[in-house]
file data_13.cif (mmCIF, C-alpha atoms (C1' of nucleotides))
data_start
loop_
_atom_site.label_atom_id
_atom_site.label_comp_id
_atom_site.auth_asym_id
_atom_site.auth_seq_id
_atom_site.Cartn_x
_atom_site.Cartn_y
_atom_site.Cartn_z
CA MET A 1 181.06 42.30 84.11
CA HIS A 2 181.33 40.57 87.47
CA ASP A 3 185.00 40.04 86.84
CA ILE A 4 185.67 43.76 86.92
CA LEU A 5 184.26 43.96 90.43
CA PHE A 6 186.14 40.90 91.66
CA ASP A 7 189.38 42.03 90.05
CA PHE A 8 188.98 45.26 91.95
CA ILE A 9 188.27 43.51 95.25
CA SER A 10 191.22 41.19 94.73
CA LYS A 11 193.53 44.20 95.04
CA TYR A 12 192.61 44.26 98.73
CA ILE A 13 191.46 40.80 99.85
CA SER A 14 191.07 37.35 98.31
CA LEU A 15 187.63 35.82 98.08
CA THR A 16 186.54 32.18 97.90
CA GLU A 17 183.89 31.15 95.38
CA ASP A 18 181.38 30.94 98.23
CA GLU A 19 182.17 34.47 99.28
CA LYS A 20 181.84 35.72 95.74
CA ASN A 21 178.42 34.09 95.58
CA VAL A 22 177.34 35.86 98.76
CA ILE A 23 178.19 39.16 97.10
CA LEU A 24 176.50 38.21 93.85
CA SER A 25 173.35 37.20 95.74
CA PHE A 26 172.70 40.87 96.43
CA ASN A 27 172.08 41.69 92.78
CA LEU A 28 174.11 44.85 92.87
CA PHE A 29 174.56 45.47 89.17
CA ARG A 30 172.63 48.19 87.39
CA ALA A 31 172.70 49.46 83.81
CA VAL A 32 171.84 53.13 83.83
CA LYS A 33 171.03 55.43 80.90
CA LYS A 34 172.89 58.67 80.23
CA GLY A 35 171.16 61.53 81.98
CA THR A 36 169.70 59.45 84.80
CA ILE A 37 169.78 61.22 88.15
CA LEU A 38 170.91 58.82 90.88
CA LEU A 39 170.63 61.26 93.78
CA LYS A 40 168.96 64.65 94.17
CA GLU A 41 169.64 67.52 96.52
CA GLY A 42 167.55 67.14 99.67
CA GLN A 43 167.18 63.36 99.37
CA TYR A 44 168.24 60.92 102.02
CA SER A 45 170.16 57.94 100.69
CA LYS A 46 172.06 54.93 101.89
CA ASP A 47 173.48 53.96 98.51
CA SER A 48 177.11 53.76 97.47
CA TYR A 49 178.17 53.43 93.86
CA PHE A 50 181.02 51.66 92.14
CA VAL A 51 181.47 52.41 88.45
CA LEU A 52 182.22 49.43 86.21
CA LYS A 53 181.78 51.25 82.92
CA GLY A 54 180.79 54.82 82.10
CA CYS A 55 180.94 57.99 84.15
CA ILE A 56 178.96 59.61 86.93
CA ARG A 57 179.16 63.22 87.99
CA THR A 58 178.37 65.16 91.16
CA TYR A 59 177.10 68.73 91.04
CA TYR A 60 175.59 71.42 93.21
CA ILE A 61 172.94 73.90 92.10
CA THR A 62 173.54 77.36 93.54
CA ASP A 63 171.75 80.45 92.22
CA GLY A 64 170.14 78.22 89.62
CA GLU A 65 173.56 77.31 88.29
CA GLU A 66 175.09 73.84 88.07
CA LYS A 67 178.50 73.52 89.66
CA THR A 68 180.23 70.28 88.85
CA THR A 69 182.72 69.12 91.46
CA ALA A 70 183.69 65.56 90.59
CA PHE A 71 183.61 62.73 88.07
CA TYR A 72 183.84 59.03 88.86
CA THR A 73 184.78 56.66 86.06
CA GLU A 74 185.77 53.01 85.64
CA MET A 75 186.95 51.38 88.90
CA GLU A 76 186.08 54.39 91.01
CA ALA A 77 183.75 54.40 94.01
CA LEU A 78 181.49 57.07 95.45
CA THR A 79 179.78 57.08 98.81
CA PRO A 80 177.98 60.43 98.93
CA PRO A 81 178.63 62.34 102.16
CA CYS A 82 174.92 62.31 103.00
CA VAL A 83 175.13 58.52 103.31
CA VAL A 84 177.82 58.86 105.95
CA THR A 85 176.25 61.76 107.84
CA GLN A 86 172.64 60.64 107.42
CA THR A 87 171.56 64.12 106.42
CA PRO A 88 169.79 65.33 103.24
CA SER A 89 172.10 65.40 100.24
CA GLU A 90 173.60 68.75 99.32
CA TYR A 91 174.27 67.74 95.76
CA TYR A 92 173.12 65.75 92.75
CA VAL A 93 174.63 62.62 91.24
CA THR A 94 173.97 61.85 87.59
CA CYS A 95 175.28 59.71 84.74
CA ILE A 96 176.91 61.57 81.89
CA GLU A 97 177.20 58.38 79.82
CA ASP A 98 175.33 55.10 79.69
CA THR A 99 176.81 53.54 82.78
CA ILE A 100 177.10 50.17 84.44
CA LEU A 101 177.57 50.34 88.18
CA THR A 102 176.97 48.50 91.41
CA VAL A 103 174.69 50.02 94.00
CA SER A 104 175.31 48.87 97.55
CA ASN A 105 174.27 50.11 100.95
CA ALA A 106 175.24 49.90 104.61
CA ASP A 107 172.79 47.07 105.34
CA MET A 108 174.25 44.93 102.59
CA GLU A 109 177.73 45.81 103.78
CA ALA A 110 176.87 44.78 107.34
CA GLU A 111 175.43 41.48 106.14
CA VAL A 112 178.48 40.66 104.03
CA ASN A 113 180.73 41.61 106.89
CA SER A 114 178.90 39.30 109.29
CA LYS A 115 179.63 36.47 106.88
CA PHE A 116 183.29 37.31 106.31
CA PRO A 117 184.77 40.09 108.46
CA LYS A 118 187.66 40.67 106.09
CA PHE A 119 185.15 42.68 104.07
CA ASP A 120 185.41 45.44 106.69
CA THR A 121 189.17 45.28 106.39
CA MET A 122 188.87 45.83 102.64
CA CYS A 123 186.55 48.79 103.18
CA LYS A 124 189.03 50.23 105.64
CA MET A 125 191.92 49.90 103.21
CA LEU A 126 189.87 51.31 100.39
CA SER A 127 188.66 54.37 102.24
CA GLU A 128 192.11 55.06 103.66
CA GLU A 129 193.49 54.91 100.15
CA LEU A 130 190.74 57.13 98.78
CA LEU A 131 191.23 59.60 101.60
CA ALA A 132 194.93 59.85 100.88
CA LYS A 133 194.19 60.33 97.18
CA GLU A 134 191.50 62.92 97.84
CA ARG A 135 193.82 64.93 100.08
CA ILE A 136 196.58 64.89 97.47
CA ASP A 137 194.14 66.05 94.80
CA PHE A 138 192.86 68.81 97.08
CA ASN A 139 196.39 69.91 97.92
CA GLU A 140 197.41 70.04 94.27
CA PHE A 141 194.30 72.01 93.47
CA LYS A 142 195.14 74.57 96.16
CA ILE A 143 198.71 75.13 95.12
CA SER A 144 197.94 75.35 91.39
CA SER A 145 196.58 78.07 89.12
CA PRO A 146 193.63 77.23 86.85
CA GLU A 147 196.06 76.86 83.96
CA GLN A 148 198.28 74.47 85.90
CA ARG A 149 195.20 72.50 86.94
CA TYR A 150 194.15 72.14 83.32
CA LEU A 151 197.62 71.04 82.21
CA ASN A 152 197.77 68.65 85.13
CA LEU A 153 194.43 67.14 84.13
CA LEU A 154 195.56 66.89 80.54
CA GLU A 155 198.46 64.78 81.74
CA LYS A 156 196.77 62.66 84.39
CA ARG A 157 193.21 62.26 83.08
CA PRO A 158 193.27 62.99 79.34
CA ASP A 159 190.19 60.78 78.96
CA LEU A 160 188.12 63.18 81.07
CA ILE A 161 188.87 66.08 78.75
CA GLN A 162 187.54 64.00 75.86
CA ARG A 163 184.41 62.59 77.41
CA VAL A 164 183.22 65.49 79.56
CA PRO A 165 181.48 68.66 78.23
CA GLN A 166 183.62 71.79 78.53
CA HIS A 167 181.31 73.70 80.85
CA GLN A 168 181.31 70.83 83.35
CA LEU A 169 185.05 70.52 83.05
CA ALA A 170 185.39 74.26 83.72
CA SER A 171 183.58 74.19 87.02
CA PHE A 172 185.47 71.00 87.93
CA LEU A 173 188.61 73.14 87.47
CA GLY A 174 187.10 75.91 89.59
CA ILE A 175 186.54 78.42 86.77
CA LYS A 176 183.88 79.59 84.27
CA PRO A 177 183.50 78.03 80.80
CA GLN A 178 184.59 81.28 79.12
CA SER A 179 187.78 81.28 81.17
CA LEU A 180 188.52 77.70 80.18
CA SER A 181 188.10 78.57 76.49
CA ARG A 182 190.41 81.54 76.85
CA LEU A 183 192.94 79.59 78.89
CA ARG A 184 193.10 76.89 76.23
CA GLY A 185 193.66 79.50 73.56
CA ARG A 186 196.49 80.94 75.64
CA ILE A 187 198.16 77.54 75.92
CA LEU A 188 197.91 76.95 72.16
CA GLU A 189 199.51 80.36 71.48
CA LYS A 190 202.41 79.59 73.80
CA LYS A 191 203.13 76.31 72.03
CA SER A 192 203.37 77.97 68.63
CA MET B 193 195.27 63.59 128.43
CA HIS B 194 194.40 59.94 127.83
CA ASP B 195 190.75 60.77 128.34
CA ILE B 196 190.74 62.94 125.21
CA LEU B 197 191.84 59.97 123.12
CA PHE B 198 189.36 57.57 124.69
CA ASP B 199 186.52 60.06 124.45
CA PHE B 200 187.31 60.28 120.77
CA ILE B 201 187.42 56.52 120.31
CA SER B 202 184.14 56.13 122.23
CA LYS B 203 182.38 57.97 119.43
CA TYR B 204 182.97 54.88 117.29
CA ILE B 205 183.41 51.82 119.52
CA SER B 206 183.33 51.05 123.23
CA LEU B 207 186.47 49.77 124.90
CA THR B 208 186.92 47.67 128.03
CA GLU B 209 189.57 48.66 130.58
CA ASP B 210 191.74 45.82 129.30
CA GLU B 211 191.47 47.09 125.77
CA LYS B 212 192.33 50.60 126.86
CA ASN B 213 195.40 49.23 128.57
CA VAL B 214 196.49 47.49 125.39
CA ILE B 215 196.37 50.82 123.63
CA LEU B 216 198.16 52.63 126.45
CA SER B 217 200.89 49.99 126.42
CA PHE B 218 202.12 51.38 123.13
CA ASN B 219 203.19 54.68 124.66
CA LEU B 220 201.75 56.73 121.88
CA PHE B 221 201.74 60.14 123.50
CA ARG B 222 204.24 62.80 122.51
CA ALA B 223 204.69 66.40 123.59
CA VAL B 224 206.18 68.33 120.69
CA LYS B 225 207.63 71.84 120.61
CA LYS B 226 206.43 74.51 118.23
CA GLY B 227 208.48 74.42 115.05
CA THR B 228 209.29 70.72 115.21
CA ILE B 229 209.23 69.04 111.82
CA LEU B 230 207.46 65.69 112.05
CA LEU B 231 207.89 64.67 108.42
CA LYS B 232 210.08 65.98 105.60
CA GLU B 233 209.72 65.82 101.86
CA GLY B 234 211.41 62.70 100.52
CA GLN B 235 211.16 60.75 103.76
CA TYR B 236 209.46 57.41 104.10
CA SER B 237 207.20 57.14 107.09
CA LYS B 238 204.67 54.80 108.67
CA ASP B 239 203.42 57.23 111.30
CA SER B 240 199.91 58.57 111.73
CA TYR B 241 199.14 61.50 114.01
CA PHE B 242 196.20 62.36 116.19
CA VAL B 243 196.20 65.85 117.70
CA LEU B 244 195.15 66.09 121.35
CA LYS B 245 196.19 69.70 121.83
CA GLY B 246 197.86 72.21 119.52
CA CYS B 247 198.07 72.37 115.76
CA ILE B 248 200.05 70.69 113.01
CA ARG B 249 200.37 71.91 109.47
CA THR B 250 201.19 70.32 106.11
CA TYR B 251 203.07 72.22 103.43
CA TYR B 252 204.82 71.72 100.12
CA ILE B 253 207.94 73.56 99.02
CA THR B 254 207.82 74.46 95.33
CA ASP B 255 210.23 76.95 93.76
CA GLY B 256 211.66 77.49 97.24
CA GLU B 257 208.28 78.66 98.45
CA GLU B 258 206.20 77.14 101.23
CA LYS B 259 202.66 76.28 100.22
CA THR B 260 200.46 75.40 103.18
CA THR B 261 197.60 73.07 102.35
CA ALA B 262 196.10 71.91 105.65
CA PHE B 263 195.92 72.34 109.41
CA TYR B 264 194.98 69.65 111.91
CA THR B 265 193.90 70.73 115.38
CA GLU B 266 192.33 69.17 118.49
CA MET B 267 190.61 65.84 117.79
CA GLU B 268 191.79 65.67 114.19
CA ALA B 269 193.81 62.87 112.65
CA LEU B 270 196.38 62.82 109.86
CA THR B 271 197.75 59.84 108.03
CA PRO B 272 200.09 61.32 105.41
CA PRO B 273 199.50 59.89 101.93
CA CYS B 274 203.07 58.58 101.80
CA VAL B 275 202.18 56.23 104.66
CA VAL B 276 199.37 54.74 102.61
CA THR B 277 201.23 54.59 99.30
CA GLN B 278 204.62 53.66 100.77
CA THR B 279 206.37 56.27 98.65
CA PRO B 280 208.59 59.20 99.68
CA SER B 281 206.58 62.05 101.17
CA GLU B 282 205.78 64.95 98.87
CA TYR B 283 205.27 67.38 101.71
CA TYR B 284 206.32 68.48 105.17
CA VAL B 285 204.44 68.18 108.45
CA THR B 286 205.27 70.56 111.26
CA CYS B 287 203.87 71.88 114.54
CA ILE B 288 202.84 75.52 114.54
CA GLU B 289 202.19 75.44 118.31
CA ASP B 290 203.47 73.37 121.20
CA THR B 291 201.47 70.25 120.51
CA ILE B 292 200.45 67.05 122.24
CA LEU B 293 199.69 64.21 119.88
CA THR B 294 199.68 60.48 119.52
CA VAL B 295 201.96 58.85 116.99
CA SER B 296 200.83 55.45 115.79
CA ASN B 297 201.77 53.22 112.88
CA ALA B 298 200.45 50.32 110.84
CA ASP B 299 202.32 47.72 112.90
CA MET B 300 200.75 48.98 116.10
CA GLU B 301 197.39 49.10 114.41
CA ALA B 302 197.73 45.51 113.22
CA GLU B 303 198.68 44.36 116.72
CA VAL B 304 195.75 46.13 118.35
CA ASN B 305 193.46 44.76 115.70
CA SER B 306 194.63 41.20 116.32
CA LYS B 307 193.65 41.67 119.97
CA PHE B 308 190.26 43.24 119.29
CA PRO B 309 189.09 43.32 115.67
CA LYS B 310 186.55 46.06 116.30
CA PHE B 311 189.53 48.39 116.10
CA ASP B 312 189.52 47.87 112.33
CA THR B 313 185.83 48.69 112.30
CA MET B 314 186.57 51.96 114.05
CA CYS B 315 189.31 52.80 111.57
CA LYS B 316 186.90 52.06 108.74
CA MET B 317 184.21 54.33 110.18
CA LEU B 318 186.72 57.05 110.88
CA SER B 319 188.27 57.08 107.44
CA GLU B 320 184.89 56.92 105.73
CA GLU B 321 183.82 59.90 107.78
CA LEU B 322 187.04 61.78 107.05
CA LEU B 323 186.74 60.99 103.34
CA ALA B 324 183.19 62.35 103.23
CA LYS B 325 184.34 65.48 105.08
CA GLU B 326 187.36 65.96 102.85
CA ARG B 327 185.25 65.69 99.71
CA ILE B 328 182.75 68.24 101.02
CA ASP B 329 185.58 70.64 101.86
CA PHE B 330 187.11 70.14 98.42
CA ASN B 331 183.75 70.69 96.72
CA GLU B 332 183.11 73.88 98.66
CA PHE B 333 186.57 75.11 97.79
CA LYS B 334 185.94 74.52 94.10
CA ILE B 335 182.61 76.30 93.92
CA SER B 336 183.76 79.31 95.99
CA SER B 337 185.77 82.44 95.25
CA PRO B 338 188.72 83.27 97.52
CA GLU B 339 186.57 85.84 99.30
CA GLN B 340 183.78 83.31 99.90
CA ARG B 341 186.35 80.82 101.14
CA TYR B 342 187.64 83.33 103.65
CA LEU B 343 184.14 84.23 104.87
CA ASN B 344 183.33 80.55 105.08
CA LEU B 345 186.42 79.90 107.17
CA LEU B 346 185.56 82.87 109.39
CA GLU B 347 182.26 81.20 110.12
CA LYS B 348 183.31 77.58 110.42
CA ARG B 349 186.84 77.76 111.83
CA PRO B 350 187.23 81.22 113.44
CA ASP B 351 189.90 79.73 115.71
CA LEU B 352 192.17 79.02 112.72
CA ILE B 353 192.15 82.65 111.67
CA GLN B 354 193.34 83.59 115.16
CA ARG B 355 196.02 80.99 115.69
CA VAL B 356 197.52 80.69 112.19
CA PRO B 357 199.90 83.23 110.57
CA GLN B 358 198.31 85.13 107.69
CA HIS B 359 200.72 83.97 105.03
CA GLN B 360 200.00 80.33 105.87
CA LEU B 361 196.29 81.03 105.93
CA ALA B 362 196.55 82.67 102.50
CA SER B 363 198.03 79.67 100.80
CA PHE B 364 195.54 77.46 102.66
CA LEU B 365 192.86 79.58 100.91
CA GLY B 366 194.64 79.17 97.59
CA ILE B 367 195.90 82.76 97.25
CA LYS B 368 198.92 84.98 98.02
CA PRO B 369 199.34 86.79 101.36
CA GLN B 370 199.01 90.18 99.65
CA SER B 371 195.71 89.11 98.14
CA LEU B 372 194.43 88.00 101.54
CA SER B 373 195.33 91.38 103.06
CA ARG B 374 193.57 93.20 100.24
CA LEU B 375 190.56 90.91 100.38
CA ARG B 376 190.17 91.55 104.09
CA GLY B 377 190.34 95.28 103.52
CA ARG B 378 187.63 94.92 100.89
CA ILE B 379 185.36 93.08 103.30
CA LEU B 380 185.84 95.72 106.00
CA GLU B 381 184.95 98.47 103.53
CA LYS B 382 181.76 96.70 102.51
CA LYS B 383 180.63 96.39 106.12
CA SER B 384 180.99 100.12 106.80
"C1'" DT C 385 162.74 70.76 57.98
"C1'" DT C 386 162.33 74.30 60.86
"C1'" DA C 387 162.41 76.23 65.37
"C1'" DA C 388 164.14 76.10 69.98
"C1'" DC C 389 167.98 74.91 72.94
"C1'" DT C 390 172.28 73.95 74.49
"C1'" DC C 391 177.03 74.46 74.16
"C1'" DA C 392 181.47 76.47 72.92
"C1'" DT C 393 183.86 80.39 71.54
"C1'" DT C 394 184.95 85.26 71.17
"C1'" DC C 395 184.91 90.12 72.52
"C1'" DA C 396 184.78 94.23 75.38
"C1'" DC C 397 184.74 95.49 79.88
"C1'" DT C 398 185.02 94.95 85.05
"C1'" DT C 399 186.82 92.88 88.96
"C1'" DT C 400 190.14 90.39 91.32
"C1'" DA C 401 194.47 87.98 91.92
"C1'" DG C 402 199.60 87.91 90.95
"C1'" DT C 403 203.96 90.52 91.11
"C1'" DT C 404 207.32 93.62 92.68
"C1'" DA C 405 208.73 96.77 95.86
"C1'" DA C 406 208.68 99.45 100.05
"C1'" DG C 407 207.82 100.34 104.68
"C1'" DA C 408 205.77 99.30 109.32
"C1'" DA C 409 204.93 96.04 112.94
"C1'" DA C 410 205.87 92.05 115.40
"C1'" DT C 411 209.02 88.44 116.74
"C1'" DA C 412 213.28 86.08 117.56
"C1'" DC C 413 217.83 86.16 119.13
"C1'" DG C 414 222.38 87.44 120.44
"C1'" DC D 415 218.24 95.78 125.18
"C1'" DG D 416 218.86 96.55 120.45
"C1'" DT D 417 219.46 94.31 116.07
"C1'" DA D 418 218.07 91.06 112.59
"C1'" DT D 419 214.47 88.56 110.66
"C1'" DT D 420 210.04 87.52 109.61
"C1'" DT D 421 205.44 88.92 108.89
"C1'" DC D 422 201.84 92.01 107.54
"C1'" DT D 423 200.17 95.76 104.97
"C1'" DT D 424 199.97 99.08 101.23
"C1'" DA D 425 200.62 100.64 96.59
"C1'" DA D 426 201.29 100.63 91.56
"C1'" DC D 427 201.21 97.78 87.82
"C1'" DT D 428 200.37 93.38 85.15
"C1'" DA D 429 197.94 89.26 84.24
"C1'" DA D 430 194.09 86.51 84.58
"C1'" DA D 431 189.34 85.42 85.82
"C1'" DG D 432 184.42 87.05 86.06
"C1'" DT D 433 180.51 89.17 83.48
"C1'" DG D 434 177.35 90.14 79.83
"C1'" DA D 435 176.43 89.83 75.22
"C1'" DA D 436 176.81 88.10 70.52
"C1'" DT D 437 177.67 84.44 67.27
"C1'" DG D 438 177.81 80.01 65.25
"C1'" DA D 439 177.77 74.95 65.61
"C1'" DG D 440 175.44 71.05 67.07
"C1'" DT D 441 171.45 68.77 69.07
"C1'" DT D 442 166.65 68.00 70.16
"C1'" DA D 443 161.91 68.28 69.45
"C1'" DA D 444 157.79 69.72 67.24
#
call {"tool": "encode", "arguments": {"input": "data_13.cif", "output": "structure tokens"}}
result
Amino acid sequence: MHDILFDFISKYISLTEDEKNVILSFNLFRAVKKGTILLKEGQYSKDSYFVLKGCIRTYYITDGEEKTTAFYTEMEALTPPCVVTQTPSEYYVTCIEDTILTVSNADMEAEVNSKFPKFDTMCKMLSEELLAKERIDFNEFKISSPEQRYLNLLEKRPDLIQRVPQHQLASFLGIKPQSLSRLRGRILEKKS
Amino acid sequence: MHDILFDFISKYISLTEDEKNVILSFNLFRAVKKGTILLKEGQYSKDSYFVLKGCIRTYYITDGEEKTTAFYTEMEALTPPCVVTQTPSEYYVTCIEDTILTVSNADMEAEVNSKFPKFDTMCKMLSEELLAKERIDFNEFKISSPEQRYLNLLEKRPDLIQRVPQHQLASFLGIKPQSLSRLRGRILEKKS
DNA sequence: TTAACTCATTCACTTTAGTTAAGAAATACG
DNA sequence: CGTATTTCTTAACTAAAGTGAATGAGTTAA
């Protein structure tokens, strides 16, 4: 399990055995059951997550209705905005599968960085990369119709369509579950 | 003009006069005429932009049609994804007003960082903050209708609605210019 | 095992966005 | 200055998404 984390880190910086041990000393790994809520609306939090196995999901509740906005799966990291802004969270984070993840926080990050400053450099590279990716995803979302978004997802993240319930997928695509059903029917008709 | 940049930087780290001079030695400031294209589709680039005054805009061209996805105004920074991924750019960057900005690149960043490593720390903080902001914006976009998006923009970025042409604003909101016109008419009717 | 829920699909209907076209207003340019 | 071009608005029509309700499948819990 540790290897997955260190393989990931090695994409950015190289670590000595000593440095790896510093990181392991924090006991970051957690096994979390499906359905567990990691963060609730209104809560303050300092925790960042990195998914080793499984899937976590972020959602808002407006007018009593869940609105799913994102999924994070293997090798993906989430630092909820409330951690950065130090304000109460506007959304929920939950596990939609039994999940293994690391939970870290700013204090731990500061301590690691004081021991080997290249850790900050890795964080910089990672968040620049994630920002670029997020902006591309946002742009593609804006310039696409719901149908194009679905087809795009089918191509780029076919796993998500398998492992995620339809109604969560729908709101992730910015539409209602009924519209997703209909849209899929439309696509099937076109093919035939 | 320099003060705007240093005021911005001071939100993250404090700089000595010597350090400021290192940054100034790079001659980063550019005055750019309205309509100038800073980056074209297909180009490789290493340049990041920070807007001191004016407004820059990113857009795709698909089926011969411009699709505007973002605006960056005073005190906002853009590192195009192609800079991070080192691939040809998928979109254009242009100035929609006479604009004053700084143009920096990874080489310059590395040199500054070798002289005072806290520069990396600032970049980390900045991109973490921008990532959190981008994700919130994306989430809000997903859970809102075009009309809600427009009303939201009216509240949060009223300046954009004034300074940006309607047809660019429309695609920024994920709809066609005709739909934006109609939608605005609808809102006016409701008020009366 | 049955009863209660949740989830996905379908349908009819309403609302809104896309499309095409036309004209008015604003802007750019010779 | 007037002409050309671009931009914005309006309108009629089409296509797609939202809404509310019904159904059936699958799951959970008593």
call {"tool": "atom_distance", "arguments": {"input": "data_13.cif", "atom1": "CA of Leu126 (chain A)", "atom2": "CA of Cys315 (chain B)"}}
result
11.3 Å
call {"tool": "residues_around", "arguments": {"input": "data_13.cif", "residues": "DT393 (chain C)", "least_positions_apart": "3", "cutoff": "10 Å", "atoms": "all atoms listed in the file", "output": "number ranges by chain"}}
result
A: 177-178, 181-182; D: 437-438
call {"tool": "closest_residue", "arguments": {"input": "data_13.cif", "among": "C:DC395, C:DA401, C:DC413, C:DA408", "to": "chain B", "atoms": "only C-alpha atoms (C1' of nucleotides)"}}
result
C:DA401
call {"tool": "residues_around", "arguments": {"input": "data_13.cif", "residues": "Lys20 (chain A)", "least_positions_apart": "6", "cutoff": "10 Å", "atoms": "all atoms listed in the file", "output": "JSON, numbers by chain"}}
result
{"A": [2, 6, 14]}
call {"tool": "write_last_selection", "arguments": {"input": "data_13.cif", "atoms": "C-alpha atoms", "output": "PDB file, keeping the file's coordinate frame"}}
result
ATOM      1  CA  HIS A   2     181.330  40.570  87.470  1.00  0.00           C
ATOM      2  CA  PHE A   6     186.140  40.900  91.660  1.00  0.00           C
ATOM      3  CA  SER A  14     191.070  37.350  98.310  1.00  0.00           C
TER       4      SER A  14
END
call {"tool": "interface_residues", "arguments": {"input": "data_13.cif", "of": "chain D", "to": "chain A", "cutoff": "9 Å", "atoms": "all atoms listed in the file", "output": "list in words"}}
result
DA430, DA431 and DG432 of chain D
call {"tool": "interface_residues", "arguments": {"input": "data_13.cif", "of": "chain B", "to": "chain A", "cutoff": "7 Å", "atoms": "all atoms listed in the file", "output": "VMD selection string"}}
result
chain B and resid 259 261 273 276 312 to 313 315 to 316 319 to 321 323 to 324 330 to 331 334 to 335 366
call {"tool": "write_last_selection", "arguments": {"input": "data_13.cif", "atoms": "C-alpha atoms", "output": "tab-separated table (two decimals), keeping the file's coordinate frame"}}
result
chain	number	residue	atom	x	y	z
B	259	LYS	CA	202.66	76.28	100.22
B	261	THR	CA	197.60	73.07	102.35
B	273	PRO	CA	199.50	59.89	101.93
B	276	VAL	CA	199.37	54.74	102.61
B	312	ASP	CA	189.52	47.87	112.33
B	313	THR	CA	185.83	48.69	112.30
B	315	CYS	CA	189.31	52.80	111.57
B	316	LYS	CA	186.90	52.06	108.74
B	319	SER	CA	188.27	57.08	107.44
B	320	GLU	CA	184.89	56.92	105.73
B	321	GLU	CA	183.82	59.90	107.78
B	323	LEU	CA	186.74	60.99	103.34
B	324	ALA	CA	183.19	62.35	103.23
B	330	PHE	CA	187.11	70.14	98.42
B	331	ASN	CA	183.75	70.69	96.72
B	334	LYS	CA	185.94	74.52	94.10
B	335	ILE	CA	182.61	76.30	93.92
B	366	GLY	CA	194.64	79.17	97.59
call {"tool": "closest_atom_pairs", "arguments": {"input": "data_13.cif", "of": "chain C", "to": "chain B", "cutoff": "10 Å", "atoms": "all atoms listed in the file", "output": "tab-separated table"}}
result
residue	atom	partner	partner_atom	distance
C:DT400	C1'	B:Ser371	CA	8.9
C:DA401	C1'	B:Ser371	CA	6.4
C:DG402	C1'	B:Lys368	CA	7.7
C:DT403	C1'	B:Gln370	CA	9.9
call {"tool": "residues_near_point", "arguments": {"input": "data_13.cif", "point": "(206.9, 103.5, 105.1)", "cutoff": "12 Å", "atoms": "only C-alpha atoms (C1' of nucleotides)", "output": "PDB file with C-alpha atoms (C1' of nucleotides), keeping the file's coordinate frame"}}
result
ATOM      1  C1'  DA C 405     208.730  96.770  95.860  1.00  0.00           C
ATOM      2  C1'  DA C 406     208.680  99.450 100.050  1.00  0.00           C
ATOM      3  C1'  DG C 407     207.820 100.340 104.680  1.00  0.00           C
ATOM      4  C1'  DA C 408     205.770  99.300 109.320  1.00  0.00           C
ATOM      5  C1'  DA C 409     204.930  96.040 112.940  1.00  0.00           C
TER       6       DA C 409
ATOM      7  C1'  DT D 423     200.170  95.760 104.970  1.00  0.00           C
ATOM      8  C1'  DT D 424     199.970  99.080 101.230  1.00  0.00           C
ATOM      9  C1'  DA D 425     200.620 100.640  96.590  1.00  0.00           C
TER      10       DA D 425
END
call {"tool": "residues_around", "arguments": {"input": "data_13.cif", "residues": "DA412 (chain C)", "least_positions_apart": "2", "cutoff": "10 Å", "atoms": "only C-alpha atoms (C1' of nucleotides)", "output": "VMD selection string"}}
result
(chain C and resid 410 414) or (chain D and resid 418 to 420)
